[in-house]
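Chemist: Structure file entry_38.cif (mmCIF, C-alpha atoms) right here:
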data_start
#
loop_
_atom_site.label_atom_id
_atom_site.label_comp_id
_atom_site.auth_asym_id
_atom_site.auth_seq_id
_atom_site.Cartn_x
_atom_site.Cartn_y
_atom_site.Cartn_z
CA MET A 1 -9.81 -3.50 4.68
CA LYS A 2 -9.13 -0.75 2.13
CA ARG A 3 -5.89 1.21 1.86
CA PHE A 4 -7.01 4.34 3.72
CA GLU A 5 -9.43 2.70 6.16
CA ARG A 6 -6.93 2.72 9.06
CA LEU A 7 -6.20 6.40 8.46
CA ARG A 8 -9.92 7.09 8.73
CA GLN A 9 -9.92 5.12 11.99
CA ILE A 10 -7.03 7.22 13.30
CA ARG A 11 -8.80 10.44 12.42
CA ARG A 12 -11.79 9.36 14.53
CA MET A 13 -9.53 8.94 17.57
CA ASP A 14 -8.42 11.58 20.09
CA PRO A 15 -4.73 12.32 19.42
CA TYR A 16 -4.22 13.44 23.03
CA GLU A 17 -6.16 10.81 24.97
CA GLU A 18 -5.29 7.94 22.59
CA ALA A 19 -1.86 9.15 21.51
CA SER A 20 0.11 5.97 22.13
CA GLU A 21 -2.49 3.80 20.37
CA ILE A 22 -2.41 6.10 17.35
CA TYR A 23 1.39 6.00 17.39
CA ARG A 24 1.28 2.20 17.54
CA LEU A 25 -1.12 2.03 14.60
CA ALA A 26 1.12 4.34 12.57
CA SER A 27 4.42 2.66 13.43
CA ALA A 28 3.35 -1.00 13.47
CA TYR A 29 0.70 -1.03 10.72
CA GLU A 30 0.97 1.97 8.42
CA PHE A 31 4.72 2.65 8.25
CA PRO A 32 6.77 -0.07 10.04
CA TRP A 33 9.65 -0.02 7.52
CA ASP A 34 9.71 3.77 7.38
CA PHE A 35 9.71 4.19 11.14
CA ALA A 36 12.57 1.69 11.47
CA ARG A 37 14.70 3.52 8.90
CA ALA A 38 13.79 6.95 10.26
CA LEU A 39 14.63 6.05 13.85
CA GLU A 40 17.96 4.61 12.69
CA LEU A 41 18.65 7.94 11.02
CA ALA A 42 17.45 9.81 14.11
CA LEU A 43 19.98 8.05 16.34
CA TYR A 44 22.68 8.46 13.70
CA ARG A 45 22.15 12.24 13.72
CA THR A 46 22.83 12.41 17.43
CA TYR A 47 26.45 11.29 16.95
CA ALA A 48 27.19 14.61 15.23
CA VAL A 49 26.73 16.38 18.58
CA PRO A 50 30.25 15.85 20.00
CA SER A 51 29.16 15.45 23.63
CA ILE A 52 26.90 12.57 22.53
CA GLY A 53 29.25 11.02 19.97
CA ARG A 54 32.24 11.12 22.32
CA LEU A 55 30.32 9.46 25.14
CA LEU A 56 29.14 6.66 22.85
CA ALA A 57 32.70 6.19 21.60
CA ARG A 58 34.12 5.98 25.11
CA THR A 59 31.60 3.35 26.17
CA THR A 60 32.66 1.38 23.01
CA GLU A 61 29.05 0.29 22.62
CA PHE A 62 28.74 1.39 18.98
CA THR A 63 32.28 0.40 18.03
CA ASP A 64 32.87 -2.98 19.72
CA ARG A 65 29.27 -4.16 20.29
CA ALA A 66 27.34 -2.31 17.62
CA GLN A 67 24.83 -5.06 16.86
CA LYS A 68 23.90 -5.54 20.53
CA ARG A 69 23.62 -1.78 21.09
CA TYR A 70 21.40 -1.44 18.01
CA ASP A 71 19.21 -4.37 19.06
CA ASP A 72 18.82 -3.22 22.66
CA THR A 73 17.94 0.36 21.71
CA ALA A 74 15.29 -0.73 19.23
CA LEU A 75 13.80 -3.38 21.51
CA LEU A 76 13.60 -1.17 24.60
CA LEU A 77 12.03 1.78 22.80
CA ASP A 78 9.55 -0.39 20.92
CA ALA A 79 8.50 -2.37 23.99
CA VAL A 80 6.86 0.84 25.22
CA VAL A 81 5.11 1.27 21.86
CA GLU A 82 3.94 -2.33 21.63
CA HIS A 83 2.77 -2.80 25.22
CA GLY A 84 2.08 0.73 26.52
CA PHE A 85 3.48 2.88 29.30
CA GLY A 86 1.37 1.23 31.99
CA SER A 87 2.25 -2.36 31.09
CA GLU A 88 4.84 -4.45 32.91
CA GLN A 89 6.93 -4.58 29.73
CA GLY A 90 6.73 -0.84 29.18
CA ARG A 91 7.68 -0.06 32.78
CA THR A 92 10.58 -2.50 32.66
CA ALA A 93 11.87 -0.97 29.42
CA ILE A 94 11.72 2.58 30.81
CA ARG A 95 13.42 1.45 34.02
CA ARG A 96 16.30 0.00 32.03
CA ILE A 97 16.57 3.15 29.89
CA ASN A 98 16.75 5.29 33.01
CA GLN A 99 19.29 3.01 34.68
CA MET A 100 21.56 3.27 31.64
CA HIS A 101 21.35 7.04 31.40
CA ARG A 102 21.90 7.59 35.12
CA ALA A 103 25.27 5.85 34.81
CA TYR A 104 26.67 8.75 32.77
CA ASP A 105 26.83 12.55 32.96
CA ILE A 106 24.35 13.58 30.28
CA THR A 107 22.91 17.06 30.06
CA ASN A 108 19.21 17.71 29.95
CA ASP A 109 19.76 19.57 26.67
CA ASP A 110 21.35 16.53 25.03
CA MET A 111 18.59 14.25 26.28
CA ARG A 112 15.92 16.62 25.02
CA TYR A 113 17.63 16.84 21.63
CA VAL A 114 17.67 13.06 21.25
CA LEU A 115 13.97 12.98 22.08
CA CYS A 116 13.38 15.67 19.43
CA THR A 117 14.96 13.44 16.79
CA PHE A 118 12.41 10.70 17.57
CA VAL A 119 9.57 13.12 16.85
CA VAL A 120 10.93 15.14 13.94
CA VAL A 121 13.02 12.72 11.84
CA PRO A 122 10.24 10.12 11.29
CA LYS A 123 7.80 12.80 10.14
CA ARG A 124 10.33 14.29 7.75
CA TRP A 125 11.22 10.83 6.42
CA ILE A 126 7.62 9.70 5.95
CA ASP A 127 6.57 12.98 4.33
CA ALA A 128 9.45 12.58 1.86
CA TYR A 129 9.45 8.82 1.25
CA GLY A 130 6.35 7.20 2.75
CA TRP A 131 3.36 5.90 0.82
CA ARG A 132 1.43 8.88 2.18
CA ARG A 133 2.28 11.85 4.38
CA LEU A 134 1.88 11.65 8.13
CA SER A 135 -1.51 13.00 9.15
CA ARG A 136 -1.95 15.76 11.72
CA HIS A 137 -3.53 13.26 14.14
CA GLU A 138 -0.46 11.02 13.84
CA THR A 139 1.89 13.98 14.24
CA VAL A 140 0.16 15.22 17.39
CA ALA A 141 0.02 11.68 18.77
CA SER A 142 3.78 11.29 18.22
CA VAL A 143 4.39 14.50 20.17
CA VAL A 144 2.19 13.35 23.07
CA HIS A 145 3.75 9.87 23.09
CA TYR A 146 7.31 11.18 23.28
CA ARG A 147 6.44 13.91 25.76
CA THR A 148 5.14 11.10 27.98
CA LEU A 149 8.34 9.13 27.47
CA GLY A 150 10.37 12.26 28.18
CA ARG A 151 8.54 12.82 31.46
CA HIS A 152 9.21 9.21 32.51
CA MET A 153 12.88 9.83 31.75
CA GLY A 154 12.96 13.01 33.81
CA ILE A 155 13.71 15.30 30.86
CA LYS A 156 12.81 18.89 31.64
CA ASP A 157 11.54 21.80 29.51
CA LEU A 158 9.96 19.54 26.88
CA PRO A 159 8.53 21.14 23.72
CA THR A 160 4.75 21.13 23.65
CA SER A 161 4.00 20.90 19.91
CA TYR A 162 5.53 19.41 16.78
CA GLU A 163 6.59 22.88 15.66
CA GLU A 164 8.43 23.40 18.95
CA PHE A 165 10.12 19.99 18.70
CA GLU A 166 11.23 20.85 15.15
CA ALA A 167 12.54 24.29 16.13
CA CYS A 168 14.40 22.79 19.10
CA LEU A 169 16.05 20.15 16.90
CA ASP A 170 17.07 22.60 14.16
CA ALA A 171 18.48 25.14 16.62
CA TYR A 172 20.41 22.50 18.56
CA GLU A 173 21.96 21.03 15.44
CA GLU A 174 22.94 24.45 14.14
CA ALA A 175 24.62 25.28 17.44
CA HIS A 176 26.23 21.91 18.22
CA PHE A 177 26.93 19.87 15.08
CA ALA A 178 30.72 19.73 14.78
CA TRP A 179 33.61 17.49 13.82
CA ASP A 180 34.85 15.07 16.47
CA GLU A 181 37.20 12.20 15.78
CA GLU A 182 35.63 9.90 18.37
CA ALA A 183 32.12 10.63 17.11
CA ARG A 184 33.27 9.82 13.57
CA ARG A 185 34.38 6.39 14.81
CA VAL A 186 30.87 5.77 16.10
CA ALA A 187 29.39 6.90 12.78
CA ASP A 188 31.76 4.60 10.86
CA GLY A 189 30.96 1.71 13.18
CA THR A 190 27.26 2.17 12.57
CA LEU A 191 27.76 2.25 8.80
CA ASP A 192 29.77 -0.98 9.08
CA LEU A 193 26.96 -2.54 11.10
CA MET A 194 24.36 -1.62 8.48
CA ALA A 195 26.58 -3.03 5.74
CA SER A 196 26.93 -6.30 7.68
CA TRP A 197 23.21 -6.98 7.28
CA TYR A 198 23.65 -7.59 3.54
CA PRO A 199 25.89 -9.78 1.37
CA GLY A 200 29.51 -8.56 1.31
CA PRO A 201 29.59 -7.36 -2.31
CA LEU A 202 26.70 -4.98 -1.56
CA ALA A 203 28.53 -3.20 1.28
CA PRO A 204 29.97 -0.35 -0.85
CA LEU A 205 26.56 0.26 -2.42
CA LEU A 206 24.91 0.25 1.00
CA ARG A 207 27.41 2.80 2.31
CA THR A 208 26.93 5.07 -0.70
CA GLY A 209 23.16 4.71 -0.46
CA THR A 210 23.16 5.63 3.23
CA LEU A 211 25.35 8.69 2.68
CA ALA A 212 23.06 9.76 -0.16
CA LEU A 213 20.21 10.03 2.33
CA LEU A 214 22.14 12.29 4.72
CA ASP A 215 21.83 16.07 4.57
CA GLU A 216 24.71 18.51 4.13
CA PRO A 217 25.10 19.56 7.81
CA LEU A 218 25.40 15.91 8.87
CA LEU A 219 27.89 15.09 6.12
CA ARG A 220 29.98 18.13 7.06
CA ALA A 221 29.99 17.26 10.75
CA PHE A 222 31.36 13.77 10.01
CA ARG A 223 33.60 15.05 7.17
CA TYR A 224 32.19 12.49 4.78
CA THR A 225 32.77 13.11 1.10
CA PRO A 226 29.31 14.00 -0.27
CA PRO A 227 27.93 11.49 -2.79
CA SER A 228 27.52 12.75 -6.32
CA ALA A 229 24.33 14.52 -7.30
CA ALA A 230 23.50 11.55 -9.52
CA SER A 231 23.92 9.08 -6.64
CA ARG A 232 21.70 11.16 -4.41
CA ALA A 233 19.01 11.46 -7.06
CA ILE A 234 19.03 7.73 -7.81
CA VAL A 235 18.89 6.64 -4.16
CA ARG A 236 16.21 9.12 -3.13
CA ARG A 237 14.12 8.35 -6.20
CA ALA A 238 14.38 4.64 -5.43
CA VAL A 239 13.13 5.13 -1.87
CA ARG A 240 10.25 7.29 -3.11
CA LEU A 241 9.34 4.62 -5.66
CA ARG A 242 9.22 2.07 -2.87
CA GLY A 243 6.68 4.28 -1.10
CA ARG A 244 4.56 4.49 -4.23
CA ALA A 245 4.68 0.72 -4.60
CA VAL A 246 3.55 0.24 -0.99
CA ARG A 247 0.61 2.57 -1.66
CA LEU A 248 -0.64 0.09 -4.25
CA MET A 249 -0.38 -2.89 -1.90
CA PRO A 250 -3.13 -4.11 0.46
CA PRO A 251 -2.90 -2.60 3.95
CA ARG A 252 -1.09 -4.55 6.64
CA ARG A 253 -3.49 -6.66 8.71
CA THR A 254 -1.08 -7.68 11.48
CA PRO A 255 1.34 -5.44 13.38
CA HIS A 256 5.06 -5.44 12.74
CA HIS A 257 7.18 -4.44 15.72
CA ALA A 258 10.93 -3.91 16.13
CA ARG A 259 11.45 -7.41 17.57
CA GLN A 260 10.35 -8.75 14.17
CA ASN A 261 12.85 -6.70 12.15
CA ARG A 262 15.40 -8.74 10.22
CA GLU A 263 18.08 -6.30 11.41
CA ILE A 264 17.62 -7.50 15.02
CA LYS A 265 20.13 -10.35 15.08
CA GLY A 266 21.52 -10.62 18.60
CA TYR A 267 18.82 -12.70 20.29
CA PRO A 268 17.93 -15.76 18.20
CA ASP A 269 16.80 -17.58 21.37
CA GLY A 270 14.81 -14.68 22.80
CA TYR A 271 15.57 -12.04 25.41
CA ARG A 272 14.40 -10.52 28.69
CA LEU A 273 13.76 -6.79 28.71
CA ALA A 274 15.29 -6.42 32.17
CA GLU A 275 18.60 -7.78 30.85
CA LEU A 276 18.85 -5.56 27.78
CA GLY A 277 21.01 -2.49 27.50
CA THR A 278 24.39 -1.39 28.75
CA ARG A 279 25.98 -1.56 32.16
CA PRO A 280 28.24 1.23 33.47
CA THR A 281 31.62 1.44 31.74
CA PRO A 282 34.42 1.74 34.33
CA GLY A 283 36.05 5.16 34.20
CA VAL A 284 33.49 6.67 31.83
CA ARG A 285 31.02 9.27 33.03
CA GLY A 286 30.90 11.40 29.89
CA CYS A 287 31.42 15.15 29.97
CA PRO A 288 31.64 16.80 33.40
CA VAL A 289 28.21 18.40 33.20
CA ARG A 290 24.95 18.34 35.08
CA GLN A 291 23.20 14.97 35.01
CA ILE A 292 19.45 15.01 34.67
CA GLY A 293 17.38 13.53 37.47
CA ALA A 294 15.40 10.74 35.84
CA SER A 295 12.17 9.97 37.62
CA PRO A 296 11.93 6.35 38.76
CA VAL A 297 9.42 4.03 37.15
CA GLU A 298 8.17 1.45 39.60
#
Using structure tokens, write down the structure that the file contains.
Modeler:
Amino acid sequence: MKRFERLRQIRRMDPYEEASEIYRLASAYEFPWDFARALELALYRTYAVPSIGRLLARTTEFTDRAQKRYDDTALLLDAVVEHGFGSEQGRTAIRRINQMHRAYDITNDDMRYVLCTFVVVPKRWIDAYGWRRLSRHETVASVVHYRTLGRHMGIKDLPTSYEEFEACLDAYEEAHFAWDEEARRVADGTLDLMASWYPGPLAPLLRTGTLALLDEPLLRAFRYTPPSAASRAIVRRAVRLRGRAVRLMPPRRTPHHARQNREIKGYPDGYRLAELGTRPTPGVRGCPVRQIGASPVE
């Protein structure tokens, strides 16, 4: 197989009727490392919305059990990608996601914003750092895939195109990004988790490198000291060089899914999808706002 042969295959597919298969080819074959990093960044962005960051802080999931919360989120979301919406695994994963969200008062707007990050952040990351840009077929397929997920989760007023997802994300961040002490604790806990994946002496470099990849609005919301211009240039150039190196490598012949990521560390003996995720935290319902009505998945 040649380097661009899978892209040619994707372009022969229908991005509406075969959206989830195209998304799987892109995320598991073409850009597995990039999608993993981009989705980490997508979730990280959501903490800067105080209603989201505070709720996560009060559940203590990303402060006291950060590795488990990271693992469960990645495994549940990717089970749908790997096995499909109609599979037993996909249905089980969506059921657990809905059960978790129904335990807390979460607005439809916050849920829709989180979904927007899953569509927009990977495209922006791949276009900036991937071995090639995301094709229009892959972009449309991502939109269709996450609109389907959003419908299964009962999220209302979903954007209908990538451009609408992007506009929704940008407007929501402009209106809602703000400082919150509890949200900052979640952000710090996540940085500590990422640092724990590498030898101890590398932790300060990992933290600086992560901050160098964050944009100004996100840094301001968390009140992080911005890295120097030199640090930003070095880190971003290094990630771009990685993409160029991947372009020269043979294409991946076997899929790589989230369960195979070295960052997933909490289940060395395996796991059951039905047992993943959080259980209700006593006394925590989040902000006193309208809870969305998630549609059941049977």
Chemist: Identify which of the residues A:Arg253, A:Gly209, A:Leu158, A:Leu43 lies closest to Ala233 (chain A), counting only C-alpha atoms when measuring atom-to-atom distances.
Modeler: A:Gly209
Chemist: Please produce, as CSV, a per-residue contact table for region 134-228 of chain A versus region 121-127 of chain A (criterion: any atom at most 9 Å away, all atoms listed in the file considered), showing the nearest atom pair and its distance in Å to one decimal, sorted by chain then residue number.
Modeler:
residue,atom,partner,partner_atom,distance
A:Leu134,CA,A:Asp127,CA,6.2
A:Thr139,CA,A:Lys123,CA,7.3
A:Glu166,CA,A:Val121,CA,9.0
Chemist: Report as a list in words the full result of the PyMOL selection byres ((chain A and resi 228) around 12) when it is applied to this structure.
Modeler: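 On the file shown, the PyMOL selection byres ((chain A and resi 228) around 12) covers Thr208, Gly209, Leu211, Ala212, Leu213, Thr225, Pro226, Pro227, Ala229, Ala230, Ser231, Arg232, Ala233, Ile234 and Val235 of chain A.
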Chemist: Run through the PyMOL selection byres ((chain A and resi 277) around 10) on the given coordinates and return the selected residues as a ChimeraX atom specification.
Modeler: /A:61,68-73,75-76,93,96-97,99-100,273-276,278-279
Chemist: State, in Å with one decimal place, the distance from CA of Thr107 (chain A) to CA of Val186 (chain A).
Modeler: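 Taking CA of Thr107 (chain A) as the start and CA of Val186 (chain A) as the end point, the length is 19.6 Å.
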Chemist: What lies within 10 Å of Phe31 (chain A) using all atoms listed in the file, ignoring chain neighbours under 2 positions off, as a list in words?
Modeler: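 The residues satisfying every condition are Arg24, Leu25, Ala26, Ser27, Ala28, Tyr29, Trp33, Asp34, Phe35, Ala36, Pro122, Ile126, Gly130, Trp131, Arg132, Leu134, Gly243, Val246, Arg252 and His256 of chain A.
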Chemist: Fewer than 4 positions away in the same chain doesn't count, so skip those; otherwise give me all residues within 9 Å of Met111 (chain A), counting all atoms listed in the file, as a PyMOL selection string.
Modeler: chain A and resi 106-107+115-116+150+155+292
Chemist: Hey, can you check how far CA of Tyr271 (chain A) sits from CA of Leu149 (chain A)?
Modeler: 22.5 Å
Chemist: Would you pick out the contacts of Ser51 (chain A) at 9 Å or less, using all atoms listed in the file, so that residues sharing its chain but fewer than 2 positions from it are not included, and give the list as a list in words?
Modeler: Tyr47, Ala48, Val49, Gly53, Arg54, Leu55, Leu56, Ile106, Asp110, His176, Ala183, Gly286 and Cys287 of chain A
Chemist: Hey, which of A:Thr210, A:Arg45, A:Arg240, A:Asn261 ends up closest to Phe222 (chain A)? Count only C-alpha atoms.
Modeler: A:Arg45
Chemist: Return the single residue from A:Val119, A:Ile52, A:Leu7, A:Val80 that is closest to His152 (chain A), with distances computed using all atoms listed in the file.
Modeler: A:Val80
